[in-house]
file query_8.tsv (TSV, C-alpha atoms)
chain	number	residue	atom	x	y	z
A	25	MET	CA	11.11	66.59	-24.90
A	26	ALA	CA	14.06	65.84	-27.08
A	27	ARG	CA	17.31	64.62	-25.69
A	28	PRO	CA	19.26	67.57	-24.36
A	29	SER	CA	21.90	69.33	-26.38
A	30	PRO	CA	25.50	69.26	-25.10
A	31	ARG	CA	25.06	72.89	-24.02
A	32	THR	CA	22.00	71.99	-21.94
A	33	GLU	CA	23.82	68.97	-20.54
A	34	ALA	CA	26.55	71.26	-19.19
A	35	ILE	CA	24.13	73.17	-16.94
A	36	ARG	CA	22.53	70.08	-15.44
A	37	SER	CA	23.45	68.30	-12.28
A	38	GLY	CA	22.51	64.87	-11.02
A	39	VAL	CA	20.96	63.22	-14.09
A	40	VAL	CA	19.39	59.91	-13.10
A	41	GLU	CA	18.58	57.45	-15.89
A	42	TYR	CA	15.84	54.85	-15.37
A	43	GLY	CA	16.57	52.52	-18.31
A	44	LEU	CA	17.32	49.51	-16.11
A	45	VAL	CA	14.06	49.93	-14.22
A	46	ARG	CA	12.19	50.17	-17.55
A	47	HIS	CA	13.87	46.97	-18.75
A	48	ARG	CA	12.88	45.16	-15.54
A	49	VAL	CA	9.24	46.26	-15.88
A	50	VAL	CA	9.07	45.11	-19.51
A	51	GLU	CA	10.66	41.75	-18.60
A	52	ALA	CA	8.23	41.28	-15.70
A	53	LEU	CA	5.35	41.83	-18.12
A	54	ARG	CA	6.78	39.35	-20.63
A	55	LYS	CA	7.19	36.74	-17.88
A	56	GLY	CA	3.60	37.27	-16.69
A	57	LYS	CA	4.57	38.72	-13.32
A	58	VAL	CA	2.62	41.92	-13.95
A	59	LEU	CA	-0.45	42.60	-16.07
A	60	ARG	CA	-0.45	44.77	-19.16
A	61	GLU	CA	-3.08	46.96	-17.50
A	62	ASP	CA	-0.55	47.70	-14.75
A	63	VAL	CA	2.04	49.16	-17.14
A	64	CYS	CA	-0.24	50.58	-19.86
A	65	ASP	CA	-2.29	52.92	-17.69
A	66	ALA	CA	-0.99	56.36	-18.63
A	67	HIS	CA	-3.04	59.32	-17.44
A	68	PRO	CA	-5.04	61.03	-20.23
A	69	GLU	CA	-3.12	64.30	-19.66
A	70	LEU	CA	0.20	62.52	-20.19
A	71	LEU	CA	-1.11	60.96	-23.41
A	72	ARG	CA	-2.32	64.38	-24.63
A	73	ALA	CA	1.05	65.91	-23.84
A	74	ALA	CA	2.84	63.05	-25.62
A	75	GLN	CA	0.69	63.57	-28.69
A	76	HIS	CA	0.91	67.37	-28.85
A	77	VAL	CA	4.23	68.46	-27.32
A	78	GLY	CA	6.13	65.21	-26.89
A	79	VAL	CA	9.18	64.47	-28.98
A	80	PRO	CA	8.96	61.15	-30.85
A	81	THR	CA	11.52	58.60	-29.68
A	82	GLU	CA	13.74	56.62	-32.00
A	83	HIS	CA	12.42	53.25	-30.83
A	84	PRO	CA	9.01	51.56	-30.93
A	85	CYS	CA	6.94	50.88	-27.84
A	86	PRO	CA	8.38	47.90	-25.91
A	87	ILE	CA	4.85	46.64	-25.20
A	88	CYS	CA	2.82	47.02	-28.41
A	89	ASP	CA	5.68	47.68	-30.89
A	90	ALA	CA	3.86	50.77	-32.23
A	91	PRO	CA	6.05	53.64	-33.46
A	92	SER	CA	4.02	56.06	-31.35
A	93	THR	CA	6.24	56.62	-28.32
A	94	ALA	CA	7.14	60.14	-27.36
A	95	GLU	CA	9.10	61.75	-24.56
A	96	VAL	CA	7.44	64.46	-22.49
A	97	THR	CA	9.32	66.68	-20.06
A	98	TYR	CA	7.78	68.15	-16.92
A	99	VAL	CA	9.49	70.88	-14.88
A	100	PHE	CA	8.68	71.67	-11.24
A	101	GLY	CA	9.95	74.52	-9.12
A	102	ALA	CA	9.25	77.76	-7.32
A	103	ARG	CA	6.97	80.20	-9.13
A	104	LEU	CA	5.78	77.47	-11.52
A	105	PRO	CA	2.28	75.97	-11.48
A	106	SER	CA	1.76	73.43	-8.67
A	107	GLY	CA	1.34	70.69	-11.29
A	108	GLY	CA	4.56	71.73	-12.99
A	109	THR	CA	4.92	72.91	-16.54
A	110	CYS	CA	5.43	71.00	-19.75
A	111	PRO	CA	7.78	72.97	-22.03
A	112	GLY	CA	6.71	72.86	-25.67
A	113	SER	CA	10.14	73.47	-27.19
A	114	ARG	CA	13.84	73.02	-26.52
A	115	ALA	CA	14.17	76.77	-26.14
A	116	GLU	CA	11.53	76.86	-23.41
A	117	LEU	CA	13.15	73.92	-21.58
A	118	SER	CA	16.54	75.59	-21.83
A	119	ARG	CA	15.11	78.83	-20.43
A	120	LEU	CA	13.57	76.96	-17.49
A	121	GLU	CA	16.87	75.18	-16.83
A	122	ARG	CA	18.67	78.53	-16.59
A	123	ARG	CA	16.35	80.05	-13.97
A	124	GLU	CA	17.71	81.58	-10.79
A	125	GLU	CA	15.44	79.28	-8.79
A	126	PRO	CA	16.28	75.57	-8.83
A	127	VAL	CA	13.98	73.27	-10.78
A	128	ILE	CA	13.61	69.53	-11.06
A	129	CYS	CA	12.87	68.03	-14.46
A	130	PHE	CA	11.33	64.67	-15.35
A	131	ALA	CA	11.38	63.11	-18.82
A	132	VAL	CA	8.60	60.56	-19.25
A	133	GLU	CA	8.28	58.10	-22.13
A	134	ALA	CA	4.69	57.44	-23.21
A	135	CYS	CA	3.06	55.39	-25.95
A	136	THR	CA	-0.10	56.97	-27.32
A	137	ALA	CA	-1.19	53.63	-28.82
A	138	CYS	CA	-1.29	51.40	-25.73
A	139	GLY	CA	-0.73	53.80	-22.80
A	140	PHE	CA	2.64	52.44	-21.69
A	141	HIS	CA	4.57	55.04	-19.74
A	142	HIS	CA	7.76	55.13	-17.79
A	143	LEU	CA	10.03	57.67	-16.17
A	144	ALA	CA	13.07	57.90	-18.46
A	145	ARG	CA	15.22	60.26	-16.39
A	146	LYS	CA	15.21	63.13	-13.95
A	147	TRP	CA	17.64	65.96	-13.32
A	148	GLN	CA	18.06	69.17	-11.42
A	149	ALA	CA	18.77	72.49	-13.07
A	150	GLY	CA	18.57	76.18	-12.36
A	151	GLY	CA	19.63	77.75	-9.14
A	152	ARG	CA	22.07	80.02	-10.91
A	153	PRO	CA	22.41	83.62	-9.75
A	154	ALA	CA	21.38	86.21	-12.30
A	155	ARG	CA	24.23	87.95	-14.12
A	156	ALA	CA	24.82	91.51	-13.09
A	157	SER	CA	24.09	93.93	-15.90
A	158	LYS	CA	27.02	95.81	-17.33
A	159	ARG	CA	27.10	99.50	-16.56
A	160	ALA	CA	28.02	101.99	-19.28
call {"tool": "encode", "arguments": {"input": "query_8.tsv", "output": "structure tokens"}}
result
Amino acid sequence: MARPSPRTEAIRSGVVEYGLVRHRVVEALRKGKVLREDVCDAHPELLRAAQHVGVPTEHPCPICDAPSTAEVTYVFGARLPSGGTCPGSRAELSRLERREEPVICFAVEACTACGFHHLARKWQAGGRPARASKRA
């Protein structure tokens, strides 16, 4: 999914960025400490999601330099499918983040060319009581 809007950012709590971990993995690969097969092994469902509902990133893949990286967001919580849900638009993500029940969201970067994938960030949202309707 796309980077959140400032409005969406205001309803989040506990955003954890994983950029340093990503950098360490890429450096370990470049130094020969890990194999390419160990970091370019994205699940086929993640690659499909990246291709069809993912939001293209502004940077090329750090492994193969292809411009085919996309960010996919998964949301998990009560009354959602056990495997989570993958919102297809900002509006859908925003709606999920405003639920009464708390949710946890994961943004995953994936390259559809080589299969590189990495958790970009996670955050909690939801858990807000529903507004009482106004009486006439």
call {"tool": "closest_residue", "arguments": {"input": "query_8.tsv", "among": "A:Glu133, A:Glu124, A:Glu116, A:Asp62", "to": "Thr93 in chain A", "atoms": "only C-alpha atoms"}}
result
A:Glu133
call {"tool": "closest_residue", "arguments": {"input": "query_8.tsv", "among": "A:Ala149, A:Arg103, A:Pro80, A:Phe140", "to": "Val50 in chain A", "atoms": "all atoms listed in the file"}}
result
A:Phe140
call {"tool": "residues_around", "arguments": {"input": "query_8.tsv", "residues": "Arg145 in chain A", "least_positions_apart": "4", "cutoff": "10 Å", "atoms": "only C-alpha atoms", "output": "list of chain:residue names"}}
result
A:Val39, A:Val40, A:Glu41, A:Tyr42, A:Gly43, A:Thr97, A:Cys129, A:Phe130, A:Ala131, A:Val132, A:Glu133
call {"tool": "atom_distance", "arguments": {"input": "query_8.tsv", "atom1": "CA of His76 in chain A", "atom2": "CA of Leu59 in chain A"}}
result
27.9 Å
call {"tool": "atom_distance", "arguments": {"input": "query_8.tsv", "atom1": "CA of His141 in chain A", "atom2": "CA of Leu117 in chain A"}}
result
20.8 Å
call {"tool": "closest_residue", "arguments": {"input": "query_8.tsv", "among": "A:Glu61, A:Asp89, A:Glu69, A:Glu95", "to": "His142 in chain A", "atoms": "all atoms listed in the file"}}
result
A:Glu95
call {"tool": "atom_distance", "arguments": {"input": "query_8.tsv", "atom1": "CA of Val127 in chain A", "atom2": "CA of Arg152 in chain A"}}
result
10.5 Å
call {"tool": "residues_around", "arguments": {"input": "query_8.tsv", "residues": "range 111-115 of chain A", "least_positions_apart": "3", "cutoff": "7 Å", "atoms": "all atoms listed in the file", "output": "MDAnalysis selection string"}}
result
chainID A and resid 77 97 118:119
call {"tool": "write_last_selection", "arguments": {"input": "query_8.tsv", "atoms": "C-alpha atoms", "output": "compact mmCIF listing (two decimals), keeping the file's coordinate frame"}}
result
# COMPACT_ATOMS: atom_id res chain seq x y z
CA VAL A 77 4.23 68.46 -27.32
CA THR A 97 9.32 66.68 -20.06
CA SER A 118 16.54 75.59 -21.83
CA ARG A 119 15.11 78.83 -20.43
call {"tool": "residues_around", "arguments": {"input": "query_8.tsv", "residues": "Cys85 in chain A", "least_positions_apart": "6", "cutoff": "9 Å", "atoms": "all atoms listed in the file", "output": "compact mmCIF listing (two decimals) with C-alpha atoms, keeping the file's coordinate frame"}}
result
# COMPACT_ATOMS: atom_id res chain seq x y z
CA PRO A 91 6.05 53.64 -33.46
CA SER A 92 4.02 56.06 -31.35
CA THR A 93 6.24 56.62 -28.32
CA ALA A 134 4.69 57.44 -23.21
CA CYS A 135 3.06 55.39 -25.95
CA ALA A 137 -1.19 53.63 -28.82
CA CYS A 138 -1.29 51.40 -25.73
CA PHE A 140 2.64 52.44 -21.69
call {"tool": "build_atoms", "arguments": {"input": "query_8.tsv", "residues": "range 64-75 of chain A", "atoms": "all heavy atoms", "output": "PDB file, in the coordinates of the input"}}
result
ATOM      1  N   CYS A  64       0.343  49.798 -18.748  1.00  0.00           N
ATOM      2  CA  CYS A  64      -0.240  50.580 -19.860  1.00  0.00           C
ATOM      3  C   CYS A  64      -1.433  51.382 -19.353  1.00  0.00           C
ATOM      4  O   CYS A  64      -2.543  51.272 -19.880  1.00  0.00           O
ATOM      5  CB  CYS A  64      -0.640  49.661 -21.008  1.00  0.00           C
ATOM      6  SG  CYS A  64       0.744  48.817 -21.778  1.00  0.00           S
ATOM      7  N   ASP A  65      -1.195  52.165 -18.324  1.00  0.00           N
ATOM      8  CA  ASP A  65      -2.290  52.920 -17.690  1.00  0.00           C
ATOM      9  C   ASP A  65      -1.975  54.402 -17.593  1.00  0.00           C
ATOM     10  O   ASP A  65      -2.270  55.057 -16.603  1.00  0.00           O
ATOM     11  CB  ASP A  65      -2.572  52.347 -16.300  1.00  0.00           C
ATOM     12  CG  ASP A  65      -1.375  52.449 -15.357  1.00  0.00           C
ATOM     13  OD1 ASP A  65      -0.254  52.743 -15.825  1.00  0.00           O
ATOM     14  OD2 ASP A  65      -1.567  52.238 -14.147  1.00  0.00           O
ATOM     15  N   ALA A  66      -1.379  54.948 -18.646  1.00  0.00           N
ATOM     16  CA  ALA A  66      -0.990  56.360 -18.630  1.00  0.00           C
ATOM     17  C   ALA A  66      -2.206  57.262 -18.434  1.00  0.00           C
ATOM     18  O   ALA A  66      -3.290  57.008 -18.965  1.00  0.00           O
ATOM     19  CB  ALA A  66      -0.288  56.724 -19.936  1.00  0.00           C
ATOM     20  N   HIS A  67      -2.001  58.322 -17.689  1.00  0.00           N
ATOM     21  CA  HIS A  67      -3.040  59.320 -17.440  1.00  0.00           C
ATOM     22  C   HIS A  67      -3.384  60.009 -18.765  1.00  0.00           C
ATOM     23  O   HIS A  67      -2.494  60.263 -19.584  1.00  0.00           O
ATOM     24  CB  HIS A  67      -2.532  60.337 -16.413  1.00  0.00           C
ATOM     25  CG  HIS A  67      -3.590  61.237 -15.910  1.00  0.00           C
ATOM     26  ND1 HIS A  67      -4.004  62.353 -16.597  1.00  0.00           N
ATOM     27  CD2 HIS A  67      -4.328  61.186 -14.786  1.00  0.00           C
ATOM     28  CE1 HIS A  67      -4.950  62.956 -15.918  1.00  0.00           C
ATOM     29  NE2 HIS A  67      -5.164  62.267 -14.805  1.00  0.00           N
ATOM     30  N   PRO A  68      -4.655  60.350 -18.980  1.00  0.00           N
ATOM     31  CA  PRO A  68      -5.040  61.030 -20.230  1.00  0.00           C
ATOM     32  C   PRO A  68      -4.256  62.312 -20.499  1.00  0.00           C
ATOM     33  O   PRO A  68      -3.947  62.619 -21.652  1.00  0.00           O
ATOM     34  CB  PRO A  68      -6.525  61.314 -20.035  1.00  0.00           C
ATOM     35  CG  PRO A  68      -6.988  60.281 -19.066  1.00  0.00           C
ATOM     36  CD  PRO A  68      -5.820  60.022 -18.163  1.00  0.00           C
ATOM     37  N   GLU A  69      -3.898  63.073 -19.460  1.00  0.00           N
ATOM     38  CA  GLU A  69      -3.120  64.300 -19.660  1.00  0.00           C
ATOM     39  C   GLU A  69      -1.715  63.989 -20.177  1.00  0.00           C
ATOM     40  O   GLU A  69      -1.189  64.719 -21.010  1.00  0.00           O
ATOM     41  CB  GLU A  69      -3.035  65.118 -18.371  1.00  0.00           C
ATOM     42  CG  GLU A  69      -4.319  65.805 -18.002  1.00  0.00           C
ATOM     43  CD  GLU A  69      -4.768  66.828 -19.046  1.00  0.00           C
ATOM     44  OE1 GLU A  69      -3.915  67.533 -19.622  1.00  0.00           O
ATOM     45  OE2 GLU A  69      -5.980  66.906 -19.282  1.00  0.00           O
ATOM     46  N   LEU A  70      -1.109  62.920 -19.696  1.00  0.00           N
ATOM     47  CA  LEU A  70       0.200  62.520 -20.190  1.00  0.00           C
ATOM     48  C   LEU A  70       0.103  62.111 -21.656  1.00  0.00           C
ATOM     49  O   LEU A  70       0.937  62.483 -22.474  1.00  0.00           O
ATOM     50  CB  LEU A  70       0.778  61.366 -19.356  1.00  0.00           C
ATOM     51  CG  LEU A  70       2.070  60.732 -19.883  1.00  0.00           C
ATOM     52  CD1 LEU A  70       3.192  61.762 -20.018  1.00  0.00           C
ATOM     53  CD2 LEU A  70       2.493  59.581 -18.986  1.00  0.00           C
ATOM     54  N   LEU A  71      -0.941  61.379 -22.008  1.00  0.00           N
ATOM     55  CA  LEU A  71      -1.110  60.960 -23.410  1.00  0.00           C
ATOM     56  C   LEU A  71      -1.345  62.168 -24.320  1.00  0.00           C
ATOM     57  O   LEU A  71      -0.813  62.219 -25.434  1.00  0.00           O
ATOM     58  CB  LEU A  71      -2.253  59.958 -23.523  1.00  0.00           C
ATOM     59  CG  LEU A  71      -2.003  58.619 -22.827  1.00  0.00           C
ATOM     60  CD1 LEU A  71      -3.235  57.728 -22.916  1.00  0.00           C
ATOM     61  CD2 LEU A  71      -0.780  57.919 -23.393  1.00  0.00           C
ATOM     62  N   ARG A  72      -2.117  63.156 -23.841  1.00  0.00           N
ATOM     63  CA  ARG A  72      -2.320  64.380 -24.630  1.00  0.00           C
ATOM     64  C   ARG A  72      -1.006  65.128 -24.817  1.00  0.00           C
ATOM     65  O   ARG A  72      -0.686  65.594 -25.911  1.00  0.00           O
ATOM     66  CB  ARG A  72      -3.355  65.280 -23.973  1.00  0.00           C
ATOM     67  CG  ARG A  72      -4.772  64.997 -24.429  1.00  0.00           C
ATOM     68  CD  ARG A  72      -5.714  66.105 -23.993  1.00  0.00           C
ATOM     69  NE  ARG A  72      -6.054  66.043 -22.588  1.00  0.00           N
ATOM     70  CZ  ARG A  72      -6.956  65.231 -22.064  1.00  0.00           C
ATOM     71  NH1 ARG A  72      -7.597  64.381 -22.824  1.00  0.00           N
ATOM     72  NH2 ARG A  72      -7.221  65.264 -20.782  1.00  0.00           N
ATOM     73  N   ALA A  73      -0.242  65.232 -23.744  1.00  0.00           N
ATOM     74  CA  ALA A  73       1.050  65.910 -23.840  1.00  0.00           C
ATOM     75  C   ALA A  73       1.984  65.166 -24.786  1.00  0.00           C
ATOM     76  O   ALA A  73       2.675  65.786 -25.593  1.00  0.00           O
ATOM     77  CB  ALA A  73       1.684  66.041 -22.450  1.00  0.00           C
ATOM     78  N   ALA A  74       1.990  63.845 -24.724  1.00  0.00           N
ATOM     79  CA  ALA A  74       2.840  63.050 -25.620  1.00  0.00           C
ATOM     80  C   ALA A  74       2.455  63.281 -27.071  1.00  0.00           C
ATOM     81  O   ALA A  74       3.315  63.393 -27.948  1.00  0.00           O
ATOM     82  CB  ALA A  74       2.735  61.570 -25.266  1.00  0.00           C
ATOM     83  N   GLN A  75       1.174  63.390 -27.321  1.00  0.00           N
ATOM     84  CA  GLN A  75       0.690  63.570 -28.690  1.00  0.00           C
ATOM     85  C   GLN A  75       0.960  64.977 -29.219  1.00  0.00           C
ATOM     86  O   GLN A  75       1.307  65.155 -30.379  1.00  0.00           O
ATOM     87  CB  GLN A  75      -0.806  63.277 -28.748  1.00  0.00           C
ATOM     88  CG  GLN A  75      -1.362  63.285 -30.136  1.00  0.00           C
ATOM     89  CD  GLN A  75      -2.812  62.833 -30.158  1.00  0.00           C
ATOM     90  OE1 GLN A  75      -3.538  62.946 -29.174  1.00  0.00           O
ATOM     91  NE2 GLN A  75      -3.231  62.306 -31.278  1.00  0.00           N
TER      92      GLN A  75
END
